[in-house]
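This report refers to the structure that appears directly beneath it.
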Number of protein chains: 4
Amino acid sequence: MTTHVIRVACADEAGLVHKITGVLYRHGGNIVSYNEYVDAPTKQFFMRATFVTAQEAGAIVPEVRALLARGAMVELAPTGKRPIVVLATKEPHCLGDLLLRVAYEDFPAKILAVISNYETLGPLVERLGFPFHYISHENRDRADHEREIHACVAGYKPDYLVLAKYMRILSPEFVARYPNRILNIHHSFLPAFMGASPYRQAYERGVKLIGATAHYVTNDLDTGPIIAQAVIPVDHADSVADMVQAGRDGEKVVLARALKLLLEERIFLHQHRTVIFE
Amino acid sequence: MTTHVIRVACADEAGLVHKITGVLYRHGGNIVSYNEYVDAPTKQFFMRATFVTAQEAGAIVPEVRALLARGAMVELAPTGKRPIVVLATKEPHCLGDLLLRVAYEDFPAKILAVISNYETLGPLVERLGFPFHYISHENRDRADHEREIHACVAGYKPDYLVLAKYMRILSPEFVARYPNRILNIHHSFLPAFMGASPYRQAYERGVKLIGATAHYVTNDLDTGPIIAQAVIPVDHADSVADMVQAGRDGEKVVLARALKLLLEERIFLHQHRTVIFE
Amino acid sequence: MTTHVIRVACADEAGLVHKITGVLYRHGGNIVSYNEYVDAPTKQFFMRATFVTAQEAGAIVPEVRALLARGAMVELAPTGKRPIVVLATKEPHCLGDLLLRVAYEDFPAKILAVISNYETLGPLVERLGFPFHYISHENRDRADHEREIHACVAGYKPDYLVLAKYMRILSPEFVARYPNRILNIHHSFLPAFMGASPYRQAYERGVKLIGATAHYVTNDLDTGPIIAQAVIPVDHADSVADMVQAGRDGEKVVLARALKLLLEERIFLHQHRTVIFE
Amino acid sequence: MTTHVIRVACADEAGLVHKITGVLYRHGGNIVSYNEYVDAPTKQFFMRATFVTAQEAGAIVPEVRALLARGAMVELAPTGKRPIVVLATKEPHCLGDLLLRVAYEDFPAKILAVISNYETLGPLVERLGFPFHYISHENRDRADHEREIHACVAGYKPDYLVLAKYMRILSPEFVARYPNRILNIHHSFLPAFMGASPYRQAYERGVKLIGATAHYVTNDLDTGPIIAQAVIPVDHADSVADMVQAGRDGEKVVLARALKLLLEERIFLHQHRTVIFE
């Protein structure tokens, strides 16, 4: 018996669940978890099911697709440890947390490499046993810098790129190479405080909660579809530096939570929003 | 087209979703929301679906039941405003909050009456337009007191009883008349601080979070299956009275949240735990 | 023995606590709670102390002021139930919650009247025993409408105005009549989603937490100094209407919390931020 | 100018703040942060102040003590990075998080060594550059095992011991050697689920929130004074293993938060409760 995950997204119509589960049933599949959502305003159907079967599962996808209208998304999602590459700059908290989870806990990722535009994080990464690539952005233009990063990433063939406090803006050309495959953590409760220095912005506005937001990277800065968010209380006595420090725990926990959802293929993109089966 | 809710709980087996949704499909039902959970340790299947159909839905339940092993629970759940009776003692916050929700907001309850063992809350209840019954417990034994309450309740035929800070313990005989139909709010984060004066217990233990727990009433005090919980931060400067005051917001919000889940038939009891489709 | 609250805000200098508490000591005051904050970037000192004394307290303020540089704020804050007027529009949840707290719980406010630009909330207000004034905004310009509201408010002489989901924008002229004395609840996690329909904006952005913000009203819409904020989790299945409903509990709890802080004189304004001694 | 922290705990009396700050003032001290709390039920006064002075601070403590009744606690608290020894067993999440904070972030601890009763965590500790001692508990009695641990700890002279998921119960004799100097993280929302397997207990009780509690270690298991607590939502679909995994983020964040409070000398013990100036 092996376990599979099937994902379907298509226009809603009567009988979808019955038809799709019929295919699984005929292939000896027993469903162990099943999530479904119909988005009423757009009449769109989303489904994710985990099933076990003793039979070969390869024929399931074309059979399900044959039942659905054209344009339906049907896929057997990969399971197990998913290969990723992490980009970071100088801050160790999100990166270190991910490295520890992958190295010592039961986290569904395999970190193929860490790339940074500074040397700072090299010792941390290498001590914990992961490859580290220092690709400086200095004295070169962005296209040239991104070309080298892309060449490095391409050599690893990761499923996803994770920006663990990578503090440079990626060009549309770079983002286009990894459509819906780049995850970022932004250190604010988006859409508040987009752009640079969100904790300083938060301090100046005098908010009583600061936040962290994990989101897909798109061409528009800090506006990609949101996956997970958290907040942390602050008060008047917290300086910008205090907020930076307090915010780290939110950032690292939210990034890890979002990455797990992504790697377990629990997220569907729907227009500018995410449908997530936790 | 009318909307229906169907609920199924039974031993898990291959093809259940396919079979059940087949019945809905043949009756012209289009599923608009669907939740399913298989409890792995006990191999128990739970399902709640909302569907719309232009056909008569009455035949669906026996047809689904015919597909399942004996002992399966299959029911078309009631929808709309559900009739309830509320029991309270002297505190107005949970009761008042419920009355306002029912009187002025879109809450799925119809409050048939409020019963209290004190006169205190009468003006509040009557000003907001609900019947109030004062049934004192003084100078009589518990059986006699409960007999009068039961007679009063029985005249209203509610679907559920809600204890909105009713501070007397109900006898097993009384509870047995309303199996899994009595909802209580306890002013602690159960199982911590069962019994009397939970805020005093919390103060003395020096906890940093206080809580509220909505649960089904069973024969054992404060040990019924839990539906919803919330916590509120406190610190050393909070006296017992401060905790009582701060805790009220948690209590009323948790009680309302649990009651909504109950009235929308989103809760399944499974052994001593609740399966909840939010 | 009577209890007093003294508040001081001034430029920081060495020995301030010693000097100020010396005045209290000489007047037989025993401090029962004391909060102090020095804002490092601006070198500004804030203090709030509660003290009991058997002596007359009136001389304390000039004596403290004499010790401090010019421009210092020194005041004996009022205590007990503070008179307020509430403005609302059509939504009952924030208003109803406030009315219940004031009518039946130990909340430090006396509601002198409720004013609304619709008749909708009249029965709720009057049933709970408070004066209600319907002042329609239709068929007149804003200045004229506000003139009538102001005349009504002025007759009551409240310490503060509370906007409990009052959905019209107040003119700078109106706001200027009540400097730092108007409290508003905005149904978003400011500064995200300022202006109209914040829940619709939140839905469209696909956020995973919605919020509520209580703030002082200034001339710029939704940008006044923030007093309290809270968030509530939402997911892809929540429609705009679901968010509106879920958000109500956040709004009413945050408004009540902020109002209590305001009435107990626990808030200092400092530039565009609030210093709050909880 | 150097910065100092002074802490006072004594019976409350009129004029304490004035007297104590007078000593600081005479020694050229300027107070930059000041916290005070009077516990009304027990009439006990607690104070913590940070002040800067160009003068020698050593004389301040006896001068303050001379002003107070006998039995007053007056101390200049150490500042800067405090030396600690960490005990762990096999789980890496709390330990790894602490090591990263100390190695790469601005955290007020110096980890002198990590001691474990298993070899499991050795590579993690040593890779990050800290000494590791494996002291097995097998084939020996508890007294003998603790004697070796104590000998190892004593060689390092730490200010505090931190149990980062050390899964063995310490004897009263061991605890007595480090009065109020041992910090533990318990993986439940105490006082719920004391003792072994709290996540299993939580699962069986069917709670909707799980928790973590950092507390001082005393002779009675899991009943020491509480410093910090947090909760994480769970639902019916979470197995015990899921709760264990979800709970880790709460545990590590709460432990780090409590340890920072402890090392910055922000905690006072008062009977069985903690007074904490955050």
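Residue numbers start at 1 in each chain; chains themselves are named A, B, ... in the order of the structure tokens; ligands are numbered from 1 in the order shown.
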Next on the checklist: Taking only C-alpha atoms into account and nothing else, which residues of chain B lie no more than 7 Å away from chain C? Please answer as a PyMOL selection string.
Outcome noted: chain B and resi 92+96+100+104+127-128+249+253
Item to check | DSSP helix (DSSP H, G or I) selection over region 21-231 of chain B, as a PyMOL selection string | outcome: chain B and resi 21-26+60-67+93-104+122-127+142-156+172-177+198-205
Could you tell me, as an mmCIF file with N, CA and C atoms, in the first residue's frame, which residues of region 8-238 of chain B DSSP assigns to strand (DSSP E) when given the backbone?
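And here is the file that came out, out19.cif:
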```cif
data_model
loop_
_atom_site.group_PDB
_atom_site.id
_atom_site.type_symbol
_atom_site.label_atom_id
_atom_site.label_comp_id
_atom_site.auth_asym_id
_atom_site.auth_seq_id
_atom_site.Cartn_x
_atom_site.Cartn_y
_atom_site.Cartn_z
ATOM 1 N N VAL B 8 -23.263 12.371 8.486
ATOM 2 C CA VAL B 8 -23.067 10.917 8.562
ATOM 3 C C VAL B 8 -21.906 10.626 9.495
ATOM 4 N N ALA B 9 -22.065 9.621 10.357
ATOM 5 C CA ALA B 9 -20.954 9.103 11.166
ATOM 6 C C ALA B 9 -21.067 7.589 11.167
ATOM 7 N N CYS B 10 -19.987 6.916 10.798
ATOM 8 C CA CYS B 10 -20.017 5.456 10.733
ATOM 9 C C CYS B 10 -18.593 4.914 10.687
ATOM 10 N N ALA B 11 -18.475 3.590 10.746
ATOM 11 C CA ALA B 11 -17.155 2.977 10.600
ATOM 12 C C ALA B 11 -16.641 3.276 9.196
ATOM 13 N N ASN B 30 -26.584 19.450 -5.542
ATOM 14 C CA ASN B 30 -25.263 20.005 -5.814
ATOM 15 C C ASN B 30 -24.651 20.412 -4.480
ATOM 16 N N ILE B 31 -23.489 19.833 -4.195
ATOM 17 C CA ILE B 31 -22.829 20.058 -2.909
ATOM 18 C C ILE B 31 -22.172 21.431 -2.897
ATOM 19 N N VAL B 32 -22.505 22.249 -1.899
ATOM 20 C CA VAL B 32 -21.892 23.572 -1.829
ATOM 21 C C VAL B 32 -20.826 23.656 -0.746
ATOM 22 N N SER B 33 -20.919 22.785 0.257
ATOM 23 C CA SER B 33 -19.787 22.667 1.172
ATOM 24 C C SER B 33 -19.747 21.233 1.646
ATOM 25 N N TYR B 34 -18.538 20.757 1.854
ATOM 26 C CA TYR B 34 -18.369 19.348 2.195
ATOM 27 C C TYR B 34 -17.201 19.225 3.155
ATOM 28 N N ASN B 35 -17.428 18.584 4.294
ATOM 29 C CA ASN B 35 -16.345 18.319 5.228
ATOM 30 C C ASN B 35 -16.336 16.857 5.596
ATOM 31 N N GLU B 36 -15.168 16.327 5.710
ATOM 32 C CA GLU B 36 -15.029 14.917 6.039
ATOM 33 C C GLU B 36 -13.845 14.747 6.950
ATOM 34 N N TYR B 37 -13.933 13.798 7.840
ATOM 35 C CA TYR B 37 -12.798 13.472 8.699
ATOM 36 C C TYR B 37 -12.847 11.994 9.012
ATOM 37 N N VAL B 38 -11.707 11.351 8.859
ATOM 38 C CA VAL B 38 -11.593 9.947 9.279
ATOM 39 C C VAL B 38 -10.652 9.916 10.469
ATOM 40 N N ASP B 39 -11.169 9.449 11.593
ATOM 41 C CA ASP B 39 -10.352 9.361 12.795
ATOM 42 C C ASP B 39 -9.512 8.096 12.709
ATOM 43 N N GLN B 44 -13.089 5.735 12.320
ATOM 44 C CA GLN B 44 -14.459 6.238 12.286
ATOM 45 C C GLN B 44 -14.534 7.372 11.258
ATOM 46 N N PHE B 45 -15.607 7.361 10.480
ATOM 47 C CA PHE B 45 -15.801 8.319 9.399
ATOM 48 C C PHE B 45 -16.870 9.350 9.802
ATOM 49 N N PHE B 46 -16.579 10.622 9.573
ATOM 50 C CA PHE B 46 -17.540 11.693 9.869
ATOM 51 C C PHE B 46 -17.679 12.577 8.633
ATOM 52 N N MET B 47 -18.879 12.962 8.328
ATOM 53 C CA MET B 47 -19.118 13.767 7.141
ATOM 54 C C MET B 47 -20.263 14.750 7.380
ATOM 55 N N ARG B 48 -20.106 15.950 6.885
ATOM 56 C CA ARG B 48 -21.183 16.949 6.909
ATOM 57 C C ARG B 48 -21.157 17.640 5.565
ATOM 58 N N ALA B 49 -22.274 17.645 4.877
ATOM 59 C CA ALA B 49 -22.335 18.302 3.579
ATOM 60 C C ALA B 49 -23.562 19.196 3.506
ATOM 61 N N THR B 50 -23.372 20.346 2.889
ATOM 62 C CA THR B 50 -24.498 21.218 2.564
ATOM 63 C C THR B 50 -24.745 21.086 1.069
ATOM 64 N N PHE B 51 -26.008 20.837 0.708
ATOM 65 C CA PHE B 51 -26.296 20.684 -0.729
ATOM 66 C C PHE B 51 -27.614 21.371 -1.055
ATOM 67 N N VAL B 52 -27.731 21.758 -2.312
ATOM 68 C CA VAL B 52 -28.987 22.350 -2.773
ATOM 69 C C VAL B 52 -29.609 21.399 -3.792
ATOM 70 N N THR B 53 -30.929 21.326 -3.731
ATOM 71 C CA THR B 53 -31.617 20.478 -4.698
ATOM 72 C C THR B 53 -33.015 21.036 -4.948
ATOM 73 N N MET B 73 -24.861 6.629 11.826
ATOM 74 C CA MET B 73 -25.703 7.798 12.074
ATOM 75 C C MET B 73 -25.837 8.552 10.756
ATOM 76 N N VAL B 74 -27.084 8.733 10.313
ATOM 77 C CA VAL B 74 -27.358 9.511 9.101
ATOM 78 C C VAL B 74 -28.511 10.436 9.428
ATOM 79 N N GLU B 75 -28.334 11.725 9.224
ATOM 80 C CA GLU B 75 -29.446 12.615 9.517
ATOM 81 C C GLU B 75 -29.428 13.853 8.630
ATOM 82 N N LEU B 76 -30.617 14.310 8.279
ATOM 83 C CA LEU B 76 -30.751 15.624 7.668
ATOM 84 C C LEU B 76 -30.864 16.616 8.829
ATOM 85 N N ALA B 77 -29.890 17.475 8.973
ATOM 86 C CA ALA B 77 -29.881 18.382 10.120
ATOM 87 C C ALA B 77 -30.828 19.543 9.872
ATOM 88 N N ARG B 82 -32.667 28.071 15.429
ATOM 89 C CA ARG B 82 -32.990 26.923 16.270
ATOM 90 C C ARG B 82 -33.521 27.377 17.625
ATOM 91 N N PRO B 83 -34.556 26.734 18.126
ATOM 92 C CA PRO B 83 -35.147 27.141 19.409
ATOM 93 C C PRO B 83 -34.309 26.687 20.612
ATOM 94 N N ILE B 84 -33.996 27.628 21.497
ATOM 95 C CA ILE B 84 -33.239 27.304 22.708
ATOM 96 C C ILE B 84 -33.885 27.936 23.940
ATOM 97 N N VAL B 85 -33.562 27.352 25.100
ATOM 98 C CA VAL B 85 -33.887 27.979 26.381
ATOM 99 C C VAL B 85 -32.573 28.227 27.106
ATOM 100 N N VAL B 86 -32.453 29.381 27.724
ATOM 101 C CA VAL B 86 -31.212 29.762 28.412
ATOM 102 C C VAL B 86 -31.433 29.748 29.917
ATOM 103 N N LEU B 87 -30.495 29.144 30.640
ATOM 104 C CA LEU B 87 -30.504 29.200 32.104
ATOM 105 C C LEU B 87 -29.368 30.101 32.564
ATOM 106 N N ALA B 88 -29.653 30.956 33.532
ATOM 107 C CA ALA B 88 -28.622 31.854 34.046
ATOM 108 C C ALA B 88 -28.830 32.034 35.537
ATOM 109 N N ALA B 109 -30.231 31.456 16.391
ATOM 110 C CA ALA B 109 -31.019 30.970 17.526
ATOM 111 C C ALA B 109 -32.295 31.779 17.681
ATOM 112 N N LYS B 110 -33.262 31.104 18.234
ATOM 113 C CA LYS B 110 -34.495 31.750 18.693
ATOM 114 C C LYS B 110 -34.569 31.442 20.187
ATOM 115 N N ILE B 111 -34.457 32.492 21.036
ATOM 116 C CA ILE B 111 -34.510 32.265 22.483
ATOM 117 C C ILE B 111 -35.962 32.244 22.918
ATOM 118 N N LEU B 112 -36.433 31.058 23.341
ATOM 119 C CA LEU B 112 -37.835 30.898 23.735
ATOM 120 C C LEU B 112 -38.082 31.483 25.111
ATOM 121 N N ALA B 113 -37.074 31.326 25.987
ATOM 122 C CA ALA B 113 -37.231 31.837 27.349
ATOM 123 C C ALA B 113 -35.899 31.804 28.064
ATOM 124 N N VAL B 114 -35.822 32.622 29.131
ATOM 125 C CA VAL B 114 -34.680 32.591 30.037
ATOM 126 C C VAL B 114 -35.212 32.218 31.413
ATOM 127 N N ILE B 115 -34.528 31.258 32.045
ATOM 128 C CA ILE B 115 -34.910 30.814 33.383
ATOM 129 C C ILE B 115 -33.758 31.128 34.325
ATOM 130 N N SER B 116 -34.057 31.688 35.498
ATOM 131 C CA SER B 116 -32.996 31.966 36.466
ATOM 132 C C SER B 116 -33.446 31.613 37.868
ATOM 133 N N PHE B 132 -39.137 35.712 30.767
ATOM 134 C CA PHE B 132 -38.236 35.421 31.884
ATOM 135 C C PHE B 132 -38.991 34.651 32.954
ATOM 136 N N HIS B 133 -38.376 33.573 33.443
ATOM 137 C CA HIS B 133 -38.986 32.788 34.518
ATOM 138 C C HIS B 133 -38.045 32.737 35.702
ATOM 139 N N TYR B 134 -38.556 33.201 36.825
ATOM 140 C CA TYR B 134 -37.763 33.150 38.065
ATOM 141 C C TYR B 134 -38.180 31.902 38.828
ATOM 142 N N TYR B 160 -32.047 22.880 22.293
ATOM 143 C CA TYR B 160 -30.877 22.880 23.187
ATOM 144 C C TYR B 160 -31.131 23.753 24.406
ATOM 145 N N LEU B 161 -30.453 23.392 25.496
ATOM 146 C CA LEU B 161 -30.405 24.250 26.689
ATOM 147 C C LEU B 161 -29.023 24.889 26.764
ATOM 148 N N VAL B 162 -28.987 26.164 27.075
ATOM 149 C CA VAL B 162 -27.710 26.867 27.173
ATOM 150 C C VAL B 162 -27.552 27.410 28.587
ATOM 151 N N LEU B 163 -26.461 26.999 29.253
ATOM 152 C CA LEU B 163 -26.181 27.508 30.588
ATOM 153 C C LEU B 163 -25.253 28.711 30.466
ATOM 154 N N ILE B 182 -27.132 19.990 26.233
ATOM 155 C CA ILE B 182 -26.900 21.101 27.160
ATOM 156 C C ILE B 182 -25.481 21.632 26.960
ATOM 157 N N LEU B 183 -25.401 22.942 26.747
ATOM 158 C CA LEU B 183 -24.114 23.612 26.528
ATOM 159 C C LEU B 183 -23.801 24.463 27.748
ATOM 160 N N ASN B 184 -22.556 24.392 28.222
ATOM 161 C CA ASN B 184 -22.145 25.185 29.376
ATOM 162 C C ASN B 184 -20.910 26.005 29.035
ATOM 163 N N ILE B 185 -20.760 27.145 29.721
ATOM 164 C CA ILE B 185 -19.503 27.901 29.641
ATOM 165 C C ILE B 185 -18.869 27.839 31.019
ATOM 166 N N HIS B 186 -17.629 27.351 31.062
ATOM 167 C CA HIS B 186 -16.894 27.317 32.330
ATOM 168 C C HIS B 186 -15.799 28.364 32.282
ATOM 169 N N LEU B 209 -2.033 33.220 31.901
ATOM 170 C CA LEU B 209 -3.159 33.245 30.958
ATOM 171 C C LEU B 209 -4.364 32.662 31.682
ATOM 172 N N ILE B 210 -5.510 33.318 31.570
ATOM 173 C CA ILE B 210 -6.743 32.715 32.071
ATOM 174 C C ILE B 210 -7.578 32.305 30.873
ATOM 175 N N GLY B 211 -8.596 31.485 31.115
ATOM 176 C CA GLY B 211 -9.299 30.945 29.970
ATOM 177 C C GLY B 211 -10.783 30.784 30.174
ATOM 178 N N ALA B 212 -11.430 30.353 29.105
ATOM 179 C CA ALA B 212 -12.854 30.033 29.135
ATOM 180 C C ALA B 212 -13.053 28.825 28.231
ATOM 181 N N THR B 213 -13.977 27.954 28.641
ATOM 182 C CA THR B 213 -14.205 26.697 27.930
ATOM 183 C C THR B 213 -15.697 26.451 27.770
ATOM 184 N N ALA B 214 -16.142 26.272 26.539
ATOM 185 C CA ALA B 214 -17.524 25.870 26.297
ATOM 186 C C ALA B 214 -17.540 24.364 26.066
ATOM 187 N N HIS B 215 -18.452 23.686 26.742
ATOM 188 C CA HIS B 215 -18.463 22.215 26.661
ATOM 189 C C HIS B 215 -19.873 21.674 26.839
ATOM 190 N N TYR B 216 -20.085 20.457 26.363
ATOM 191 C CA TYR B 216 -21.319 19.742 26.640
ATOM 192 C C TYR B 216 -21.389 19.420 28.125
ATOM 193 N N ILE B 226 -15.241 19.081 25.115
ATOM 194 C CA ILE B 226 -14.933 20.499 24.893
ATOM 195 C C ILE B 226 -15.253 20.907 23.459
ATOM 196 N N ILE B 227 -15.891 22.055 23.311
ATOM 197 C CA ILE B 227 -16.247 22.581 21.985
ATOM 198 C C ILE B 227 -15.330 23.742 21.588
ATOM 199 N N ALA B 228 -15.096 24.666 22.490
ATOM 200 C CA ALA B 228 -14.279 25.833 22.142
ATOM 201 C C ALA B 228 -13.610 26.374 23.392
ATOM 202 N N GLN B 229 -12.423 26.969 23.199
ATOM 203 C CA GLN B 229 -11.671 27.532 24.313
ATOM 204 C C GLN B 229 -10.976 28.809 23.870
ATOM 205 N N ALA B 230 -10.761 29.678 24.819
ATOM 206 C CA ALA B 230 -9.985 30.888 24.528
ATOM 207 C C ALA B 230 -9.213 31.263 25.772
ATOM 208 N N VAL B 231 -8.160 32.045 25.591
ATOM 209 C CA VAL B 231 -7.369 32.524 26.724
ATOM 210 C C VAL B 231 -7.203 34.032 26.650
ATOM 211 N N ILE B 232 -6.935 34.615 27.802
ATOM 212 C CA ILE B 232 -6.721 36.057 27.944
ATOM 213 C C ILE B 232 -5.506 36.248 28.841
ATOM 214 N N PRO B 233 -4.548 37.101 28.431
ATOM 215 C CA PRO B 233 -3.349 37.275 29.261
ATOM 216 C C PRO B 233 -3.637 38.049 30.543
#
```
Next on the checklist: Excluding Ala154 (chain A) and its own-chain neighbours fewer than 2 positions away, which residues fall within 12 Å of it when counting only C-alpha atoms? Please give them as a ChimeraX atom specification.
Outcome noted: /A:84-85,112-113,146-152,156-161,174,177-178
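Proximity to Arg205 (chain C) was assessed for C:Tyr118, C:Phe130, C:Phe193, C:Phe268 counting only C-alpha atoms; the smallest distance is recorded for C:Phe193.
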Checklist entry - What is the CA of Val254 (chain B) to CA of Arg248 (chain C) distance in Å? => result 13.4 Å
Next on the checklist: Need the shell around Leu170 (chain B): protein/DNA/RNA residues with any atom at most 9 Å away, counting only C-alpha atoms. Skip same-chain ones fewer than 6 positions apart. Format as a PyMOL selection string?
Outcome noted: chain B and resi 142+146+217+219+221
Same residues, N, CA, C and O atoms, saved as an mmCIF file, in the first residue's frame:
```
data_model
loop_
_atom_site.group_PDB
_atom_site.id
_atom_site.type_symbol
_atom_site.label_atom_id
_atom_site.label_comp_id
_atom_site.auth_asym_id
_atom_site.auth_seq_id
_atom_site.Cartn_x
_atom_site.Cartn_y
_atom_site.Cartn_z
ATOM 1 N N ARG B 142 -32.967 19.898 45.633
ATOM 2 C CA ARG B 142 -32.563 20.042 44.246
ATOM 3 C C ARG B 142 -33.536 19.360 43.293
ATOM 4 O O ARG B 142 -33.863 19.900 42.233
ATOM 5 N N GLU B 146 -35.332 21.241 40.259
ATOM 6 C CA GLU B 146 -35.110 20.826 38.873
ATOM 7 C C GLU B 146 -36.407 20.369 38.210
ATOM 8 O O GLU B 146 -36.575 20.518 37.004
ATOM 9 N N VAL B 217 -22.594 19.435 28.666
ATOM 10 C CA VAL B 217 -22.765 19.047 30.060
ATOM 11 C C VAL B 217 -23.008 17.540 30.133
ATOM 12 O O VAL B 217 -23.873 17.002 29.431
ATOM 13 N N ASN B 219 -22.604 14.089 33.209
ATOM 14 C CA ASN B 219 -22.854 13.895 34.636
ATOM 15 C C ASN B 219 -21.687 14.295 35.513
ATOM 16 O O ASN B 219 -21.865 14.558 36.698
ATOM 17 N N LEU B 221 -18.960 16.845 36.651
ATOM 18 C CA LEU B 221 -18.812 18.297 36.635
ATOM 19 C C LEU B 221 -17.591 18.750 35.838
ATOM 20 O O LEU B 221 -16.479 18.326 36.100
#
```
